[in-house]
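Undergrad: Contents of run.pdb (PDB, C-alpha atoms, pLDDT in the B column):
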MODEL        1
ATOM      1  CA  MET A1076      20.987   9.791  -2.890  1.00 37.00           C
ATOM      2  CA  ILE A1077      18.782   8.083  -0.343  1.00 42.00           C
ATOM      3  CA  SER A1078      15.765   6.115  -1.545  1.00 42.00           C
ATOM      4  CA  TRP A1079      13.055   6.032   1.076  1.00 42.00           C
ATOM      5  CA  HIS A1080      11.543   2.817  -0.225  1.00 41.00           C
ATOM      6  CA  TYR A1081      14.365   1.260   1.825  1.00 45.00           C
ATOM      7  CA  ALA A1082      12.412   2.219   4.936  1.00 43.00           C
ATOM      8  CA  ARG A1083       9.473   0.098   3.803  1.00 41.00           C
ATOM      9  CA  SER A1084      11.797  -2.890   3.560  1.00 42.00           C
ATOM     10  CA  GLY A1085      13.159  -2.762   7.088  1.00 44.00           C
ATOM     11  CA  ILE A1086      16.229  -0.674   6.183  1.00 46.00           C
ATOM     12  CA  TRP A1087      16.615   2.188   8.594  1.00 51.00           C
ATOM     13  CA  PRO A1088      19.055   5.060   8.984  1.00 50.00           C
ATOM     14  CA  CYS A1089      19.788   3.763  12.483  1.00 49.00           C
ATOM     15  CA  ASP A1090      20.054   0.028  11.848  1.00 48.00           C
ATOM     16  CA  GLU A1091      23.769  -0.123  11.195  1.00 51.00           C
ATOM     17  CA  GLN A1092      25.078   1.955  14.080  1.00 67.00           C
ATOM     18  CA  GLU A1093      23.605   2.728  17.456  1.00 82.00           C
ATOM     19  CA  LYS A1094      25.152   6.199  17.357  1.00 83.00           C
ATOM     20  CA  ASN A1095      23.017   7.022  14.296  1.00 85.00           C
ATOM     21  CA  CYS A1096      19.864   6.112  16.179  1.00 87.00           C
ATOM     22  CA  LEU A1097      20.950   8.183  19.184  1.00 91.00           C
ATOM     23  CA  GLU A1098      21.609  11.239  17.030  1.00 92.00           C
ATOM     24  CA  LEU A1099      18.267  10.906  15.265  1.00 93.00           C
ATOM     25  CA  LEU A1100      16.439  10.783  18.602  1.00 94.00           C
ATOM     26  CA  ARG A1101      18.432  13.771  19.830  1.00 95.00           C
ATOM     27  CA  ARG A1102      17.218  15.731  16.838  1.00 96.00           C
ATOM     28  CA  ALA A1103      13.631  14.613  17.335  1.00 96.00           C
ATOM     29  CA  TYR A1104      13.665  15.208  21.123  1.00 95.00           C
ATOM     30  CA  PRO A1105      16.225  17.942  21.885  1.00 94.00           C
ATOM     31  CA  GLU A1106      14.349  18.680  25.114  1.00 92.00           C
ATOM     32  CA  LEU A1107      15.371  15.312  26.606  1.00 93.00           C
ATOM     33  CA  ASN A1108      19.145  15.867  26.440  1.00 93.00           C
ATOM     34  CA  LEU A1109      19.742  12.224  25.514  1.00 94.00           C
ATOM     35  CA  GLN A1110      23.189  10.852  26.336  1.00 93.00           C
ATOM     36  CA  LYS A1111      22.988   7.133  25.678  1.00 92.00           C
ATOM     37  CA  ILE A1112      20.578   4.643  24.144  1.00 91.00           C
ATOM     38  CA  ASN A1113      20.468   0.931  23.534  1.00 89.00           C
ATOM     39  CA  VAL A1114      18.666  -0.483  20.500  1.00 85.00           C
ATOM     40  CA  ILE A1115      16.688  -3.251  22.150  1.00 74.00           C
ATOM     41  CA  THR A1116      14.804  -4.767  19.222  1.00 58.00           C
ATOM     42  CA  GLN A1117      14.371  -4.387  15.495  1.00 54.00           C
ATOM     43  CA  TYR A1118      12.099  -5.798  12.805  1.00 45.00           C
ATOM     44  CA  ASP A1119      12.665  -9.521  12.306  1.00 42.00           C
ATOM     45  CA  GLY A1120      11.329 -10.847   9.023  1.00 40.00           C
ATOM     46  CA  ASN A1121      11.636 -14.402  10.299  1.00 41.00           C
ATOM     47  CA  ILE A1122       8.585 -13.858  12.498  1.00 39.00           C
ATOM     48  CA  GLY A1123       6.453 -12.762   9.583  1.00 41.00           C
ATOM     49  CA  LEU A1124       5.129  -9.487   8.301  1.00 39.00           C
ATOM     50  CA  GLU A1125       1.609 -10.211   9.434  1.00 42.00           C
ATOM     51  CA  SER A1126       2.729 -10.056  13.080  1.00 43.00           C
ATOM     52  CA  LYS A1127       3.133  -6.276  12.631  1.00 45.00           C
ATOM     53  CA  ASN A1128       6.453  -6.207  14.491  1.00 45.00           C
ATOM     54  CA  PHE A1129       7.947  -2.851  15.334  1.00 44.00           C
ATOM     55  CA  ARG A1130      10.840  -1.545  13.318  1.00 62.00           C
ATOM     56  CA  VAL A1131      13.255   0.069  15.776  1.00 75.00           C
ATOM     57  CA  TRP A1132      12.917   0.156  19.520  1.00 82.00           C
ATOM     58  CA  ALA A1133      15.438   1.847  21.761  1.00 87.00           C
ATOM     59  CA  GLN A1134      15.827   2.538  25.461  1.00 88.00           C
ATOM     60  CA  ASP A1135      17.819   5.382  26.999  1.00 91.00           C
ATOM     61  CA  ASP A1136      19.848   5.352  30.216  1.00 91.00           C
ATOM     62  CA  LYS A1137      16.840   6.687  32.151  1.00 90.00           C
ATOM     63  CA  GLY A1138      14.608   3.775  31.133  1.00 86.00           C
ATOM     64  CA  ARG A1139      12.508   5.654  28.572  1.00 88.00           C
ATOM     65  CA  ILE A1140      11.429   3.566  25.559  1.00 88.00           C
ATOM     66  CA  TYR A1141      11.331   4.773  21.934  1.00 90.00           C
ATOM     67  CA  ASP A1142       9.709   3.413  18.796  1.00 88.00           C
ATOM     68  CA  ILE A1143      10.940   4.931  15.517  1.00 88.00           C
ATOM     69  CA  GLU A1144       8.732   4.502  12.461  1.00 87.00           C
ATOM     70  CA  MET A1145       9.185   5.536   8.827  1.00 85.00           C
ATOM     71  CA  GLN A1146       6.100   6.005   6.637  1.00 85.00           C
ATOM     72  CA  THR A1147       6.550   6.517   2.905  1.00 82.00           C
ATOM     73  CA  THR A1148       3.007   5.715   1.794  1.00 83.00           C
ATOM     74  CA  ASN A1149      -0.170   7.328   3.082  1.00 88.00           C
ATOM     75  CA  LYS A1150      -2.502   4.453   3.886  1.00 85.00           C
ATOM     76  CA  HIS A1151      -4.832   6.778   5.801  1.00 89.00           C
ATOM     77  CA  ASP A1152      -4.443   4.747   8.975  1.00 87.00           C
ATOM     78  CA  LEU A1153      -1.828   6.753  10.878  1.00 88.00           C
ATOM     79  CA  GLU A1154      -4.105   7.399  13.859  1.00 88.00           C
ATOM     80  CA  GLU A1155      -4.683   3.668  14.267  1.00 87.00           C
ATOM     81  CA  ARG A1156      -0.976   3.009  13.909  1.00 85.00           C
ATOM     82  CA  MET A1157      -0.210   5.576  16.589  1.00 86.00           C
ATOM     83  CA  GLN A1158      -2.533   3.790  19.013  1.00 83.00           C
ATOM     84  CA  TYR A1159      -1.191   0.365  18.089  1.00 81.00           C
ATOM     85  CA  TYR A1160       2.472   1.233  18.520  1.00 81.00           C
ATOM     86  CA  ALA A1161       1.924   3.193  21.726  1.00 81.00           C
ATOM     87  CA  ALA A1162      -0.035   0.299  23.233  1.00 78.00           C
ATOM     88  CA  GLY A1163       2.683  -2.108  22.142  1.00 77.00           C
ATOM     89  CA  LEU A1164       5.343  -0.106  23.956  1.00 78.00           C
ATOM     90  CA  ASN A1165       3.260  -0.033  27.133  1.00 75.00           C
ATOM     91  CA  ASN A1166       2.705  -3.780  26.980  1.00 73.00           C
ATOM     92  CA  PHE A1167       6.438  -4.233  26.564  1.00 69.00           C
ATOM     93  CA  THR A1168       7.412  -2.049  29.519  1.00 70.00           C
ATOM     94  CA  LEU A1169       4.857  -3.411  31.988  1.00 68.00           C
ATOM     95  CA  LYS A1170       4.302  -7.138  32.274  1.00 63.00           C
ATOM     96  CA  SER A1171       1.441  -8.563  34.334  1.00 56.00           C
ATOM     97  CA  GLY A1172       1.986  -8.153  38.051  1.00 64.00           C
ATOM     98  CA  PRO A1173       3.598  -4.748  38.738  1.00 69.00           C
ATOM     99  CA  PRO A1174       1.299  -1.748  39.416  1.00 71.00           C
ATOM    100  CA  TYR A1175       0.494   0.698  36.620  1.00 67.00           C
ATOM    101  CA  THR A1176       2.588   3.332  38.385  1.00 70.00           C
ATOM    102  CA  LYS A1177       5.625   1.378  37.177  1.00 71.00           C
ATOM    103  CA  LEU A1178       4.877   2.199  33.544  1.00 73.00           C
ATOM    104  CA  LYS A1179       7.872   3.781  31.854  1.00 77.00           C
ATOM    105  CA  SER A1180       7.687   6.856  29.668  1.00 83.00           C
ATOM    106  CA  THR A1181       7.242   5.880  26.031  1.00 86.00           C
ATOM    107  CA  TYR A1182       7.948   7.861  22.873  1.00 90.00           C
ATOM    108  CA  VAL A1183       6.565   7.003  19.444  1.00 91.00           C
ATOM    109  CA  VAL A1184       7.997   9.052  16.590  1.00 93.00           C
ATOM    110  CA  PHE A1185       6.848   8.857  12.971  1.00 93.00           C
ATOM    111  CA  PHE A1186       8.850  10.243  10.047  1.00 93.00           C
ATOM    112  CA  CYS A1187       6.527  10.681   7.056  1.00 93.00           C
ATOM    113  CA  THR A1188       7.373  11.654   3.490  1.00 92.00           C
ATOM    114  CA  TYR A1189       3.881  13.163   3.186  1.00 93.00           C
ATOM    115  CA  ASP A1190       1.645  15.392   5.300  1.00 96.00           C
ATOM    116  CA  PRO A1191      -0.681  12.975   7.147  1.00 94.00           C
ATOM    117  CA  PHE A1192      -2.952  15.750   8.432  1.00 95.00           C
ATOM    118  CA  ASP A1193      -2.780  18.270   5.552  1.00 95.00           C
ATOM    119  CA  GLN A1194      -2.066  21.194   7.889  1.00 96.00           C
ATOM    120  CA  GLY A1195       1.333  22.157   6.477  1.00 97.00           C
ATOM    121  CA  GLU A1196       3.179  21.541   9.744  1.00 97.00           C
ATOM    122  CA  SER A1197       6.618  19.912   9.806  1.00 97.00           C
ATOM    123  CA  MET A1198       5.815  18.357  13.178  1.00 97.00           C
ATOM    124  CA  TYR A1199       2.648  17.311  14.969  1.00 96.00           C
ATOM    125  CA  GLU A1200       2.755  16.480  18.673  1.00 93.00           C
ATOM    126  CA  PHE A1201       0.028  14.712  20.622  1.00 88.00           C
ATOM    127  CA  ASN A1202      -0.809  14.693  24.327  1.00 79.00           C
ATOM    128  CA  PHE A1203      -3.820  13.776  26.453  1.00 77.00           C
ATOM    129  CA  PHE A1204      -5.877  16.705  27.755  1.00 75.00           C
ATOM    130  CA  ASP A1205      -9.442  17.620  28.624  1.00 79.00           C
ATOM    131  CA  ARG A1206     -11.151  18.944  25.489  1.00 80.00           C
ATOM    132  CA  LYS A1207     -13.547  21.216  27.387  1.00 85.00           C
ATOM    133  CA  THR A1208     -11.225  23.139  29.697  1.00 84.00           C
ATOM    134  CA  LYS A1209      -8.017  22.485  27.737  1.00 75.00           C
ATOM    135  CA  THR A1210      -6.232  23.060  31.045  1.00 81.00           C
ATOM    136  CA  ILE A1211      -6.202  19.499  32.427  1.00 76.00           C
ATOM    137  CA  GLU A1212      -3.430  17.451  30.863  1.00 70.00           C
ATOM    138  CA  PHE A1213      -2.696  13.865  31.857  1.00 69.00           C
ATOM    139  CA  ASN A1214       0.938  13.120  32.467  1.00 61.00           C
ATOM    140  CA  VAL A1215       0.539   9.518  31.346  1.00 62.00           C
ATOM    141  CA  GLY A1216       4.099   9.169  30.114  1.00 71.00           C
ATOM    142  CA  MET A1217       3.049   8.546  26.504  1.00 80.00           C
ATOM    143  CA  HIS A1218       4.450  10.913  23.887  1.00 87.00           C
ATOM    144  CA  ILE A1219       3.828  10.912  20.133  1.00 91.00           C
ATOM    145  CA  LYS A1220       5.484  13.061  17.481  1.00 95.00           C
ATOM    146  CA  VAL A1221       4.815  12.937  13.751  1.00 96.00           C
ATOM    147  CA  PHE A1222       7.327  14.609  11.438  1.00 97.00           C
ATOM    148  CA  ASN A1223       6.355  15.612   7.915  1.00 96.00           C
ATOM    149  CA  SER A1224       9.247  16.096   5.489  1.00 95.00           C
ATOM    150  CA  LYS A1225       6.999  18.132   3.166  1.00 95.00           C
ATOM    151  CA  GLY A1226       5.915  20.618   5.840  1.00 96.00           C
ATOM    152  CA  LYS A1227       5.702  24.309   4.965  1.00 96.00           C
ATOM    153  CA  ASN A1228       5.903  25.565   8.552  1.00 95.00           C
ATOM    154  CA  ARG A1229       9.545  24.879   9.429  1.00 94.00           C
ATOM    155  CA  ASP A1230       9.624  26.312  12.936  1.00 95.00           C
ATOM    156  CA  LEU A1231      11.890  23.539  14.256  1.00 96.00           C
ATOM    157  CA  ASN A1232      15.543  23.193  15.231  1.00 94.00           C
ATOM    158  CA  GLN A1233      17.884  23.185  12.243  1.00 96.00           C
ATOM    159  CA  LYS A1234      19.224  19.703  12.967  1.00 96.00           C
ATOM    160  CA  ILE A1235      15.836  18.024  12.578  1.00 96.00           C
ATOM    161  CA  LEU A1236      15.131  20.202   9.534  1.00 97.00           C
ATOM    162  CA  ASP A1237      18.347  18.870   7.981  1.00 96.00           C
ATOM    163  CA  PHE A1238      17.059  15.347   8.501  1.00 94.00           C
ATOM    164  CA  LEU A1239      13.660  16.170   7.004  1.00 95.00           C
ATOM    165  CA  ASP A1240      15.444  17.684   3.996  1.00 94.00           C
ATOM    166  CA  TYR A1241      17.468  14.478   3.754  1.00 92.00           C
ATOM    167  CA  MET A1242      14.225  12.525   3.569  1.00 90.00           C
ATOM    168  CA  ASN A1243      13.445  14.648   0.511  1.00 91.00           C
ATOM    169  CA  GLY A1244      16.818  13.781  -1.049  1.00 87.00           C
ATOM    170  CA  VAL A1245      18.696  16.922  -0.006  1.00 90.00           C
ATOM    171  CA  ILE A1246      22.012  16.805   1.872  1.00 89.00           C
ATOM    172  CA  ASN A1247      22.631  20.243   3.360  1.00 90.00           C
ATOM    173  CA  HIS A1248      26.187  19.620   4.576  1.00 90.00           C
ATOM    174  CA  ALA A1249      29.144  17.828   3.021  1.00 88.00           C
ATOM    175  CA  GLN A1250      30.227  16.528   6.430  1.00 91.00           C
ATOM    176  CA  GLY A1251      28.535  15.535   9.656  1.00 92.00           C
ATOM    177  CA  TYR A1252      25.657  13.283  10.663  1.00 91.00           C
ATOM    178  CA  ILE A1253      23.623  13.400   7.456  1.00 90.00           C
ATOM    179  CA  ALA A1254      26.641  12.821   5.207  1.00 90.00           C
ATOM    180  CA  ASP A1255      27.760   9.905   7.398  1.00 86.00           C
ATOM    181  CA  LEU A1256      24.240   8.509   7.341  1.00 84.00           C
ATOM    182  CA  GLN A1257      24.289   8.487   3.558  1.00 83.00           C
ATOM    183  CA  LYS A1258      27.647   6.691   3.586  1.00 83.00           C
ATOM    184  CA  ASP A1259      26.222   4.018   5.906  1.00 78.00           C
ATOM    185  CA  ILE A1260      23.258   3.438   3.592  1.00 77.00           C
ATOM    186  CA  ASP A1261      25.494   3.383   0.505  1.00 77.00           C
ATOM    187  CA  HIS A1262      27.714   0.817   2.211  1.00 76.00           C
ATOM    188  CA  TYR A1263      24.706  -1.292   3.154  1.00 71.00           C
ATOM    189  CA  VAL A1264      23.337  -1.292  -0.383  1.00 72.00           C
ATOM    190  CA  ASN A1265      26.718  -1.906  -2.040  1.00 77.00           C
ATOM    191  CA  SER A1266      27.655  -4.687   0.389  1.00 75.00           C
ATOM    192  CA  GLY A1267      25.111  -7.055  -1.148  1.00 71.00           C
ATOM    193  CA  LYS A1268      23.156  -7.468   2.086  1.00 68.00           C
ATOM    194  CA  TRP A1269      20.469  -5.312   0.474  1.00 62.00           C
ATOM    195  CA  VAL A1270      19.822  -8.028  -2.121  1.00 67.00           C
ATOM    196  CA  ASP A1271      19.559 -10.738   0.539  1.00 70.00           C
ATOM    197  CA  ASP A1272      17.132  -8.668   2.608  1.00 65.00           C
ATOM    198  CA  MET A1273      14.993  -7.861  -0.430  1.00 65.00           C
ATOM    199  CA  ASP A1274      14.781 -11.581  -1.279  1.00 69.00           C
ATOM    200  CA  LYS A1275      13.804 -12.291   2.316  1.00 69.00           C
ATOM    201  CA  LEU A1276      11.182  -9.553   2.245  1.00 61.00           C
ATOM    202  CA  ALA A1277       9.746 -10.814  -1.048  1.00 67.00           C
ATOM    203  CA  TYR A1278       9.447 -14.305   0.420  1.00 70.00           C
ATOM    204  CA  GLU A1279       7.704 -13.025   3.560  1.00 66.00           C
ATOM    205  CA  MET A1280       5.270 -10.926   1.527  1.00 64.00           C
ATOM    206  CA  ASN A1281       4.485 -13.935  -0.636  1.00 74.00           C
ATOM    207  CA  GLN A1282       3.812 -16.054   2.461  1.00 72.00           C
ATOM    208  CA  VAL A1283       1.446 -13.431   3.859  1.00 66.00           C
ATOM    209  CA  ALA A1284      -0.381 -13.187   0.519  1.00 74.00           C
ATOM    210  CA  MET A1285      -0.756 -16.976   0.369  1.00 81.00           C
ATOM    211  CA  LYS A1286      -2.178 -17.137   3.898  1.00 79.00           C
ATOM    212  CA  ALA A1287      -4.614 -14.320   3.125  1.00 76.00           C
ATOM    213  CA  ALA A1288      -5.752 -16.126  -0.022  1.00 78.00           C
ATOM    214  CA  GLU A1289      -6.253 -19.362   1.949  1.00 81.00           C
ATOM    215  CA  LYS A1290      -8.382 -17.579   4.541  1.00 77.00           C
ATOM    216  CA  ALA A1291     -10.479 -15.959   1.820  1.00 76.00           C
ATOM    217  CA  THR A1292     -11.003 -19.333   0.155  1.00 79.00           C
ATOM    218  CA  LYS A1293     -12.093 -20.976   3.421  1.00 76.00           C
ATOM    219  CA  LYS A1294     -14.630 -18.217   4.055  1.00 74.00           C
ATOM    220  CA  LYS A1295     -16.225 -18.853   0.661  1.00 71.00           C
ATOM    221  CA  LEU A1296     -16.615 -22.585   1.359  1.00 68.00           C
TER     222      LEU A1296
ENDMDL
END
If you took the structure in this file and wrote it as structure tokens, what would it be?
TA:
Amino acid sequence: MISWHYARSGIWPCDEQEKNCLELLRRAYPELNLQKINVITQYDGNIGLESKNFRVWAQDDKGRIYDIEMQTTNKHDLEERMQYYAAGLNNFTLKSGPPYTKLKSTYVVFFCTYDPFDQGESMYEFNFFDRKTKTIEFNVGMHIKVFNSKGKNRDLNQKILDFLDYMNGVINHAQGYIADLQKDIDHYVNSGKWVDDMDKLAYEMNQVAMKAAEKATKKKL
């Protein structure tokens, strides 16, 4: 059965095969009718954990950019993370020079194994609108969804509900996307690459801790 501490170590359900990432985004955004995506960047431990690199970025055939995040521990900073990741996508899509009208639509999606807002919803969706009239909504091209695998209100499409159940360790079907996803993760873990990546992660975390300790020591001097 899946262990979601893998997600905290840079192991993602869509790392091994692009088709897995496409299917996950289809389930999260059925309204977009996605046909093709390209995984354009993933977490690189060589750069260092303190750089806060994004985990999985993808771009579809219409130029829209996606950032997929897994959260297994509630650090009570999700709102700040939402802002940080959304800003990072915008910086990536628009370099200095072109007008702001050239910004591409960006989608940040969080999959949480806890309810970050304690409202019982399986999905929270955020847009920009005027708080007074609630009728003026900015079409700024930035979209954020937060999925909660422990949600009580399950008014979502069955395919995304199957994935949320999977996050809780439940495989609803013996065949299909979720079953194949589990096989991919089992293969990854059993291949031995898991051990190498865990060693790499442990080294990076140790380096970050050492740098933090050095900074703290310098401040005391």
Undergrad: For the point (-1.4, 5.6, 5.7) in the file's frame, write as a PyMOL selection string all residues with an atom no more than 12 Å away, counting all atoms listed in the file.
TA: chain A and resi 1145-1157+1185+1187-1192
Undergrad: Within 12 Å of Leu1236 in chain A, counting all atoms listed in the file, which residues show up once you throw out same-chain ones fewer than 6 positions away? Write them as a list of chain:residue names, please.
TA: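 The residues satisfying every condition are A:Leu1099, A:Arg1102, A:Ala1103, A:Phe1186, A:Ser1197, A:Met1198, A:Phe1222, A:Asn1223, A:Ser1224, A:Lys1225, A:Gly1226, A:Lys1227, A:Asn1228, A:Arg1229, A:Asp1230, A:Met1242, A:Asn1243, A:Val1245, A:Ile1246, A:Asn1247, A:Ile1253.
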Undergrad: Keeping C-alpha atoms, export the residues of the selection given above as a compact mmCIF listing (two decimals), in the coordinates of the input.
TA:
# COMPACT_ATOMS: atom_id res chain seq x y z
CA LEU A 1099 18.27 10.91 15.26
CA ARG A 1102 17.22 15.73 16.84
CA ALA A 1103 13.63 14.61 17.34
CA PHE A 1186 8.85 10.24 10.05
CA SER A 1197 6.62 19.91 9.81
CA MET A 1198 5.82 18.36 13.18
CA PHE A 1222 7.33 14.61 11.44
CA ASN A 1223 6.36 15.61 7.92
CA SER A 1224 9.25 16.10 5.49
CA LYS A 1225 7.00 18.13 3.17
CA GLY A 1226 5.92 20.62 5.84
CA LYS A 1227 5.70 24.31 4.96
CA ASN A 1228 5.90 25.56 8.55
CA ARG A 1229 9.54 24.88 9.43
CA ASP A 1230 9.62 26.31 12.94
CA MET A 1242 14.22 12.52 3.57
CA ASN A 1243 13.44 14.65 0.51
CA VAL A 1245 18.70 16.92 -0.01
CA ILE A 1246 22.01 16.80 1.87
CA ASN A 1247 22.63 20.24 3.36
CA ILE A 1253 23.62 13.40 7.46
Undergrad: Report as a list in words the full result of the PyMOL selection byres ((chain A and resi 1201) around 6) when it is applied to this structure.
TA: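 Checked against the file, the PyMOL selection byres ((chain A and resi 1201) around 6) matches Glu1200, Asn1202 and Ile1219 of chain A.
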Undergrad: Since we have the selection now, will you write its residues out, keeping C-alpha atoms, as a PDB file, in the coordinates of the input?
TA:
ATOM      1  CA  GLU A1200       2.755  16.480  18.673  1.00 93.00           C
ATOM      2  CA  ASN A1202      -0.809  14.693  24.327  1.00 79.00           C
ATOM      3  CA  ILE A1219       3.828  10.912  20.133  1.00 91.00           C
TER       4      ILE A1219
END
Undergrad: Between A:Ile1143, A:Tyr1182, A:Leu1100, A:Lys1290, which one has atoms that come closest to Gly1216 in chain A, using only C-alpha atoms?
TA: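 Of A:Ile1143, A:Tyr1182, A:Leu1100, A:Lys1290, the one nearest Gly1216 in chain A, counting only C-alpha atoms, is A:Tyr1182.
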Undergrad: Evaluate the PyMOL selection byres ((chain A and resi 1096) around 12) and record the selected residues as a ChimeraX atom specification, following the chain and residue labels used in the document.
TA: /A:1087-1095,1097-1103,1109-1115,1117,1131-1135,1141-1144,1252-1253,1256
Undergrad: Taking every listed atom of range 1191-1206 of chain A and adding 3 Å to each side, what centre and edge lengths in Å (one decimal) does the axis-aligned box have, as AutoDock Vina command-line options?
TA:
--center_x -2.3 --center_y 17.6 --center_z 17.1 --size_x 23.8 --size_y 15.2 --size_z 29.1
Undergrad: What gap, in Å, lies between CA of Leu1107 in chain A and CA of Ile1235 in chain A?
TA: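 Those two atoms sit 14.3 Å apart.
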Undergrad: Which distance in Å separates CA of Asn1165 in chain A and CA of Val1221 in chain A, to one decimal?
TA: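 Taking CA of Asn1165 in chain A and CA of Val1221 in chain A, their separation equals 18.7 Å.
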Undergrad: Work out how far CA of Phe1204 in chain A is from CA of Val1184 in chain A, in Å to one decimal.
TA: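 Distance reported for this atom pair: 19.4 Å.
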Undergrad: Evaluating the PyMOL selection byres ((chain A and resi 1168) around 10) on the displayed file yields which residues, as a list in words?
TA: Gly1138, Arg1139, Ile1140, Gly1163, Leu1164, Asn1165, Asn1166, Phe1167, Leu1169, Lys1170, Lys1177, Leu1178, Lys1179, Ser1180 and Thr1181 of chain A
Undergrad: Using only C-alpha atoms, which residues sit within 12 Å of His1248 in chain A once same-chain residues fewer than 6 positions away are excluded, as a count of residues only?
TA: 10
Undergrad: Please reconstruct the missing atoms of range 1231-1237 of chain A (target: all heavy atoms) and return them as an mmCIF file, in the frame of the given file.
TA:
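Final output, selection.cif:
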data_model
loop_
_atom_site.group_PDB
_atom_site.id
_atom_site.type_symbol
_atom_site.label_atom_id
_atom_site.label_comp_id
_atom_site.auth_asym_id
_atom_site.auth_seq_id
_atom_site.Cartn_x
_atom_site.Cartn_y
_atom_site.Cartn_z
ATOM 1 N N LEU A 1231 11.265 24.604 13.481
ATOM 2 C CA LEU A 1231 11.890 23.539 14.256
ATOM 3 C C LEU A 1231 13.392 23.794 14.322
ATOM 4 O O LEU A 1231 13.916 24.658 13.611
ATOM 5 C CB LEU A 1231 11.625 22.169 13.605
ATOM 6 C CG LEU A 1231 10.166 21.711 13.503
ATOM 7 C CD1 LEU A 1231 10.082 20.429 12.680
ATOM 8 C CD2 LEU A 1231 9.578 21.480 14.895
ATOM 9 N N ASN A 1232 14.096 23.027 15.159
ATOM 10 C CA ASN A 1232 15.543 23.193 15.231
ATOM 11 C C ASN A 1232 16.176 22.758 13.905
ATOM 12 O O ASN A 1232 15.679 21.868 13.220
ATOM 13 C CB ASN A 1232 16.125 22.410 16.415
ATOM 14 C CG ASN A 1232 16.075 20.901 16.229
ATOM 15 O OD1 ASN A 1232 16.928 20.309 15.567
ATOM 16 N ND2 ASN A 1232 15.057 20.256 16.812
ATOM 17 N N GLN A 1233 17.274 23.395 13.551
ATOM 18 C CA GLN A 1233 17.884 23.185 12.243
ATOM 19 C C GLN A 1233 18.339 21.743 12.042
ATOM 20 O O GLN A 1233 18.309 21.219 10.919
ATOM 21 C CB GLN A 1233 19.080 24.129 12.052
ATOM 22 C CG GLN A 1233 19.670 24.103 10.654
ATOM 23 C CD GLN A 1233 18.644 24.432 9.582
ATOM 24 O OE1 GLN A 1233 17.923 25.433 9.691
ATOM 25 N NE2 GLN A 1233 18.554 23.610 8.546
ATOM 26 N N LYS A 1234 18.725 21.069 13.110
ATOM 27 C CA LYS A 1234 19.224 19.703 12.967
ATOM 28 C C LYS A 1234 18.132 18.754 12.490
ATOM 29 O O LYS A 1234 18.370 17.898 11.633
ATOM 30 C CB LYS A 1234 19.819 19.219 14.286
ATOM 31 C CG LYS A 1234 21.147 19.879 14.619
ATOM 32 C CD LYS A 1234 21.773 19.263 15.857
ATOM 33 C CE LYS A 1234 23.152 19.857 16.116
ATOM 34 N NZ LYS A 1234 23.795 19.250 17.308
ATOM 35 N N ILE A 1235 16.914 18.898 13.044
ATOM 36 C CA ILE A 1235 15.836 18.024 12.578
ATOM 37 C C ILE A 1235 15.381 18.442 11.189
ATOM 38 O O ILE A 1235 14.986 17.610 10.363
ATOM 39 C CB ILE A 1235 14.653 17.995 13.576
ATOM 40 C CG1 ILE A 1235 13.697 16.823 13.242
ATOM 41 C CG2 ILE A 1235 13.900 19.316 13.558
ATOM 42 C CD1 ILE A 1235 14.331 15.465 13.391
ATOM 43 N N LEU A 1236 15.471 19.748 10.884
ATOM 44 C CA LEU A 1236 15.131 20.202 9.534
ATOM 45 C C LEU A 1236 16.104 19.617 8.508
ATOM 46 O O LEU A 1236 15.698 19.263 7.395
ATOM 47 C CB LEU A 1236 15.147 21.731 9.471
ATOM 48 C CG LEU A 1236 14.013 22.453 10.207
ATOM 49 C CD1 LEU A 1236 14.217 23.963 10.124
ATOM 50 C CD2 LEU A 1236 12.649 22.069 9.645
ATOM 51 N N ASP A 1237 17.372 19.491 8.876
ATOM 52 C CA ASP A 1237 18.347 18.870 7.981
ATOM 53 C C ASP A 1237 17.961 17.426 7.692
ATOM 54 O O ASP A 1237 18.094 16.943 6.558
ATOM 55 C CB ASP A 1237 19.745 18.913 8.601
ATOM 56 C CG ASP A 1237 20.363 20.306 8.556
ATOM 57 O OD1 ASP A 1237 19.864 21.158 7.787
ATOM 58 O OD2 ASP A 1237 21.337 20.534 9.300
#
